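Structure file coords-v2.cif (mmCIF, C-alpha atoms) follows.
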```
data_query
loop_
_atom_site.label_atom_id
_atom_site.label_comp_id
_atom_site.auth_asym_id
_atom_site.auth_seq_id
_atom_site.Cartn_x
_atom_site.Cartn_y
_atom_site.Cartn_z
CA MET C 452 0.00 0.00 0.00
CA SER C 453 2.73 2.34 0.63
CA LYS C 454 3.72 1.92 -2.97
CA GLU C 455 0.22 2.93 -4.01
CA LYS C 456 0.30 5.95 -1.79
CA SER C 457 3.56 7.11 -3.19
CA LYS C 458 2.16 6.83 -6.70
CA HIS C 459 -0.77 9.03 -5.80
CA GLU C 460 1.41 11.51 -4.05
CA ASP C 461 3.57 11.89 -7.12
CA VAL C 462 0.54 12.56 -9.26
CA TYR C 463 -1.03 15.06 -6.95
CA GLU C 464 -0.37 18.67 -7.87
CA PRO C 465 -1.61 21.57 -5.83
CA LYS C 466 -4.13 23.89 -7.53
CA PRO C 467 -2.96 27.47 -7.97
CA THR C 468 -4.59 30.10 -5.83
CA ALA C 469 -5.76 33.53 -6.95
CA GLU C 470 -2.59 35.08 -5.61
CA SER C 471 -0.19 32.83 -7.48
CA THR C 472 2.10 34.12 -10.28
CA PRO C 473 0.55 32.37 -13.30
CA VAL C 474 -2.79 34.22 -12.81
CA ASP C 475 -0.96 37.54 -12.65
CA GLY C 476 0.69 36.69 -15.96
CA GLU C 477 -2.69 35.93 -17.54
CA GLN C 478 -4.13 39.17 -16.15
CA ALA C 479 -1.18 41.08 -17.58
CA ASN C 480 -1.77 39.43 -20.97
CA VAL C 481 -5.48 40.31 -20.83
CA ASN C 482 -4.66 43.92 -19.88
CA ALA C 483 -2.09 44.18 -22.66
CA GLU C 484 -4.54 42.72 -25.18
CA ARG C 485 -7.29 45.10 -24.00
CA ASP C 486 -4.93 48.07 -24.30
CA ALA C 487 -3.92 46.97 -27.81
CA LEU C 488 -7.58 46.60 -28.82
CA GLN C 489 -8.44 50.02 -27.35
CA SER C 490 -5.59 51.65 -29.26
CA GLN C 491 -6.71 49.89 -32.47
CA LEU C 492 -10.27 51.10 -31.83
CA ALA C 493 -9.07 54.67 -31.26
CA GLU C 494 -6.99 54.51 -34.45
CA ALA C 495 -9.93 53.10 -36.41
CA GLU C 496 -12.23 55.82 -35.05
CA SER C 497 -9.75 58.57 -36.00
CA LYS C 498 -9.41 57.11 -39.51
CA ALA C 499 -13.20 56.89 -39.81
CA SER C 500 -13.51 60.51 -38.70
CA GLU C 501 -10.80 61.54 -41.19
CA TYR C 502 -12.54 59.66 -44.01
CA LYS C 503 -15.88 61.18 -43.06
CA ASP C 504 -14.38 64.69 -43.11
CA GLY C 505 -12.79 63.98 -46.50
CA TRP C 506 -16.08 62.70 -47.83
CA ALA C 507 -17.95 65.76 -46.57
CA ARG C 508 -15.34 68.06 -48.16
CA SER C 509 -15.64 66.16 -51.44
CA GLN C 510 -19.42 66.49 -51.34
CA ALA C 511 -19.15 70.24 -50.72
CA GLU C 512 -16.63 70.63 -53.54
CA PHE C 513 -18.90 68.71 -55.88
CA GLN C 514 -21.90 70.88 -54.95
CA ASN C 515 -19.82 74.02 -55.58
CA TYR C 516 -18.63 72.60 -58.90
CA ARG C 517 -22.18 71.82 -59.96
CA LYS C 518 -23.38 75.31 -59.02
CA ARG C 519 -20.45 76.88 -60.88
CA ILE C 520 -21.22 74.82 -64.01
CA GLU C 521 -24.91 75.80 -63.85
CA ARG C 522 -23.96 79.47 -63.43
CA ASP C 523 -21.50 79.23 -66.35
CA ASN C 524 -24.15 77.56 -68.52
CA GLU C 525 -26.68 80.28 -67.70
CA LEU C 526 -24.11 82.96 -68.51
CA THR C 527 -23.23 81.26 -71.79
CA TYR C 528 -26.93 81.00 -72.66
CA ALA C 529 -27.48 84.68 -71.85
CA ASN C 530 -24.45 85.69 -73.95
CA MET C 531 -25.63 83.63 -76.91
CA LYS C 532 -29.12 85.04 -76.57
CA GLY C 533 -27.70 88.58 -76.41
CA ASP C 534 -25.57 87.98 -79.52
CA ILE C 535 -28.56 86.76 -81.51
CA ILE C 536 -30.71 89.67 -80.37
CA LYS C 537 -27.92 92.11 -81.21
CA LYS C 538 -28.02 90.80 -84.80
CA VAL C 539 -31.81 91.31 -85.02
CA LEU C 540 -31.81 94.88 -83.65
CA PRO C 541 -30.63 96.57 -86.90
CA ALA C 542 -33.64 95.12 -88.73
CA LEU C 543 -35.94 96.53 -86.04
CA ASP C 544 -34.19 99.92 -86.34
CA ASP C 545 -34.76 99.88 -90.12
CA LEU C 546 -38.45 99.08 -89.64
CA GLU C 547 -38.81 101.92 -87.12
CA ARG C 548 -37.07 104.39 -89.48
CA ALA C 549 -39.35 103.28 -92.31
CA LEU C 550 -42.39 103.85 -90.10
CA GLN C 551 -41.26 107.37 -89.16
CA ASN C 552 -41.55 108.45 -92.81
CA ARG C 553 -44.58 106.40 -93.84
CA PRO C 554 -47.44 107.87 -95.80
CA ALA C 555 -50.78 108.20 -94.04
CA ASP C 556 -53.52 105.64 -94.69
CA ASP C 557 -51.28 103.21 -96.55
CA SER C 558 -52.21 99.56 -95.95
CA TRP C 559 -48.70 98.44 -96.89
CA ALA C 560 -47.21 100.69 -94.20
CA SER C 561 -49.72 99.33 -91.69
CA GLY C 562 -48.43 95.83 -92.44
CA ILE C 563 -44.86 97.02 -91.79
CA GLU C 564 -46.02 98.56 -88.51
CA LEU C 565 -47.63 95.24 -87.52
CA ILE C 566 -44.38 93.38 -88.27
CA ALA C 567 -42.39 95.89 -86.19
CA ARG C 568 -44.79 95.51 -83.25
CA LYS C 569 -44.59 91.70 -83.44
CA LEU C 570 -40.81 91.86 -83.44
CA GLN C 571 -40.85 94.21 -80.44
CA ASN C 572 -43.25 91.89 -78.59
CA ILE C 573 -41.00 88.90 -79.27
CA LEU C 574 -38.00 90.80 -77.91
CA GLU C 575 -39.96 91.94 -74.84
CA GLY C 576 -41.03 88.33 -74.28
CA GLU C 577 -37.35 87.37 -74.18
CA GLY C 578 -36.65 90.05 -71.56
CA VAL C 579 -35.27 92.75 -73.86
CA LYS C 580 -36.10 96.31 -72.76
CA ARG C 581 -35.54 99.55 -74.61
CA ILE C 582 -33.32 102.06 -72.79
CA GLU C 583 -35.35 105.23 -72.32
CA ALA C 584 -32.87 108.02 -72.88
CA LYS C 585 -34.54 111.19 -74.19
CA GLY C 586 -34.42 113.89 -71.49
CA ALA C 587 -32.55 111.62 -69.06
CA THR C 588 -29.20 112.44 -67.50
CA PHE C 589 -26.34 111.13 -69.62
CA ASP C 590 -25.01 107.85 -68.21
CA PRO C 591 -22.05 106.25 -70.03
CA ASN C 592 -23.20 102.83 -68.79
CA PHE C 593 -26.38 103.10 -70.89
CA HIS C 594 -25.68 105.82 -73.44
CA GLU C 595 -23.06 106.49 -76.08
CA ALA C 596 -22.69 110.18 -76.88
CA ILE C 597 -22.12 110.95 -80.54
CA THR C 598 -22.26 114.76 -80.15
CA HIS C 599 -22.21 117.43 -77.46
CA GLU C 600 -24.35 120.38 -78.50
CA PRO C 601 -25.40 123.59 -76.83
CA SER C 602 -29.12 123.57 -76.02
CA ASP C 603 -31.48 126.07 -74.44
CA GLU C 604 -34.29 123.52 -74.05
CA VAL C 605 -32.40 120.75 -72.21
CA GLU C 606 -30.16 120.98 -69.14
CA SER C 607 -26.43 120.38 -69.43
CA GLU C 608 -25.37 116.70 -69.46
CA HIS C 609 -28.89 115.57 -70.38
CA VAL C 610 -29.86 113.72 -73.55
CA ILE C 611 -31.26 115.99 -76.28
CA ASP C 612 -32.25 113.28 -78.74
CA VAL C 613 -31.84 109.56 -79.37
CA VAL C 614 -30.20 108.71 -82.70
CA GLN C 615 -30.37 104.93 -82.21
CA ASN C 616 -32.28 103.13 -79.47
CA GLY C 617 -30.35 101.12 -76.90
CA TYR C 618 -31.50 97.82 -75.46
CA MET C 619 -30.96 95.78 -72.31
CA LEU C 620 -31.36 92.05 -71.72
CA GLY C 621 -32.21 91.75 -68.05
CA GLU C 622 -29.60 93.90 -66.31
CA ARG C 623 -27.05 93.65 -69.12
CA VAL C 624 -26.73 96.32 -71.81
CA ILE C 625 -26.85 94.66 -75.23
CA ARG C 626 -26.43 97.89 -77.13
CA PRO C 627 -26.08 101.38 -75.64
CA ALA C 628 -28.32 104.14 -76.95
CA LEU C 629 -26.61 106.52 -79.39
CA VAL C 630 -27.52 109.99 -78.13
CA ARG C 631 -26.92 113.69 -78.60
CA VAL C 632 -26.02 115.34 -75.29
CA ALA C 633 -26.47 118.95 -74.19
CA GLN C 634 -23.42 120.92 -73.08
#
```

Could the structure of this file be written out as structure tokens, please?
Amino acid sequence: MSKEKSKHEDVYEPKPTAESTPVDGEQANVNAERDALQSQLAEAESKASEYKDGWARSQAEFQNYRKRIERDNELTYANMKGDIIKKVLPALDDLERALQNRPADDSWASGIELIARKLQNILEGEGVKRIEAKGATFDPNFHEAITHEPSDEVESEHVIDVVQNGYMLGERVIRPALVRVAQ
């Protein structure tokens, strides 16, 4: 029996207690692993925040780009429209000059007057306005002076007469009015 007892005694190992060294080593490993995971989480969160900021900046840049393209397209459209209207204005001027010297009660002249009115209505429908200049103060933004004349009837630096009508498309001058200005 003593032999059997000695066999069992050799096999018997004491169980480690909570205060023993191997548990401290495991706790240190768990703490180190937790710290590593927390640092990875913090790094991942900072990268996610950085990517989100970059995405938001890209979205804002794209919105600005789209607005700039729309504004450029509108400006191009307005310029093209203004160029076409500028080419039509001499024909309207010729019709108006013809109507100034028309004979009374002539049906042919009435037809010309109707055509001129239709053309003016089309231009007004497109946003073209005539620059009213006669009697107004001379403004180089809207008027082009072809002569300076002394006048008793009109104040100095005011428009005496309009030689050629000027037109605006919206707020943009398509063609300034050619005017005679009082000295």

Original post:
Between atom CA of C:Asp603 and atom CA of C:Val632, what is the distance, to one decimal in Å?
Top reply: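 Computing the Euclidean distance for atom CA of C:Asp603 and atom CA of C:Val632 yields 12.1 Å.
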
Original post:
Counting only C-alpha atoms, what is within 12 Å of C:Leu543, bar same-chain residues fewer than 6 positions away, as a list in words?
Top reply: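 Residues meeting the cut-off are Ile536, Lys537, Ala549, Leu550, Ile563, Glu564, Leu565, Ile566, Ala567, Arg568, Lys569, Leu570, Gln571, Asn572, Ile573, Leu574, Arg581, Gln615, Asn616, Gly617 and Tyr618 of chain C.
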
Original post:
When the PyMOL selection byres ((chain C and resi 599) around 12) is applied to the file above, which residues end up in the set, as a VMD selection string?
Top reply: chain C and resid 589 595 to 598 600 to 602 605 607 to 612 629 to 634

Original post:
So how far away is atom CA of C:His594 from atom CA of C:Ala529, in Å?
Top reply: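 That distance, rounded to one decimal, is 21.3 Å.
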
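Proximity to C:Ile625 at 12 Å, evaluated using all atoms listed in the file and with sequence-adjacent residues fewer than 3 positions away removed, yields Ala529, Asn530, Met531, Lys532, Gly533, Asp534, Ile535, Ile536, Lys537, Lys538, Val539, Leu540, Gly578, Val579, Lys580, Arg581, Ile582, Asn592, Phe593, His594, Asn616, Gly617, Tyr618, Met619, Leu620, Gly621, Glu622 and Ala628 of chain C.
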
Original post:
In Å to one decimal, how far is atom CA of C:Gly586 from atom CA of C:Ala555?
Top reply: 28.4 Å
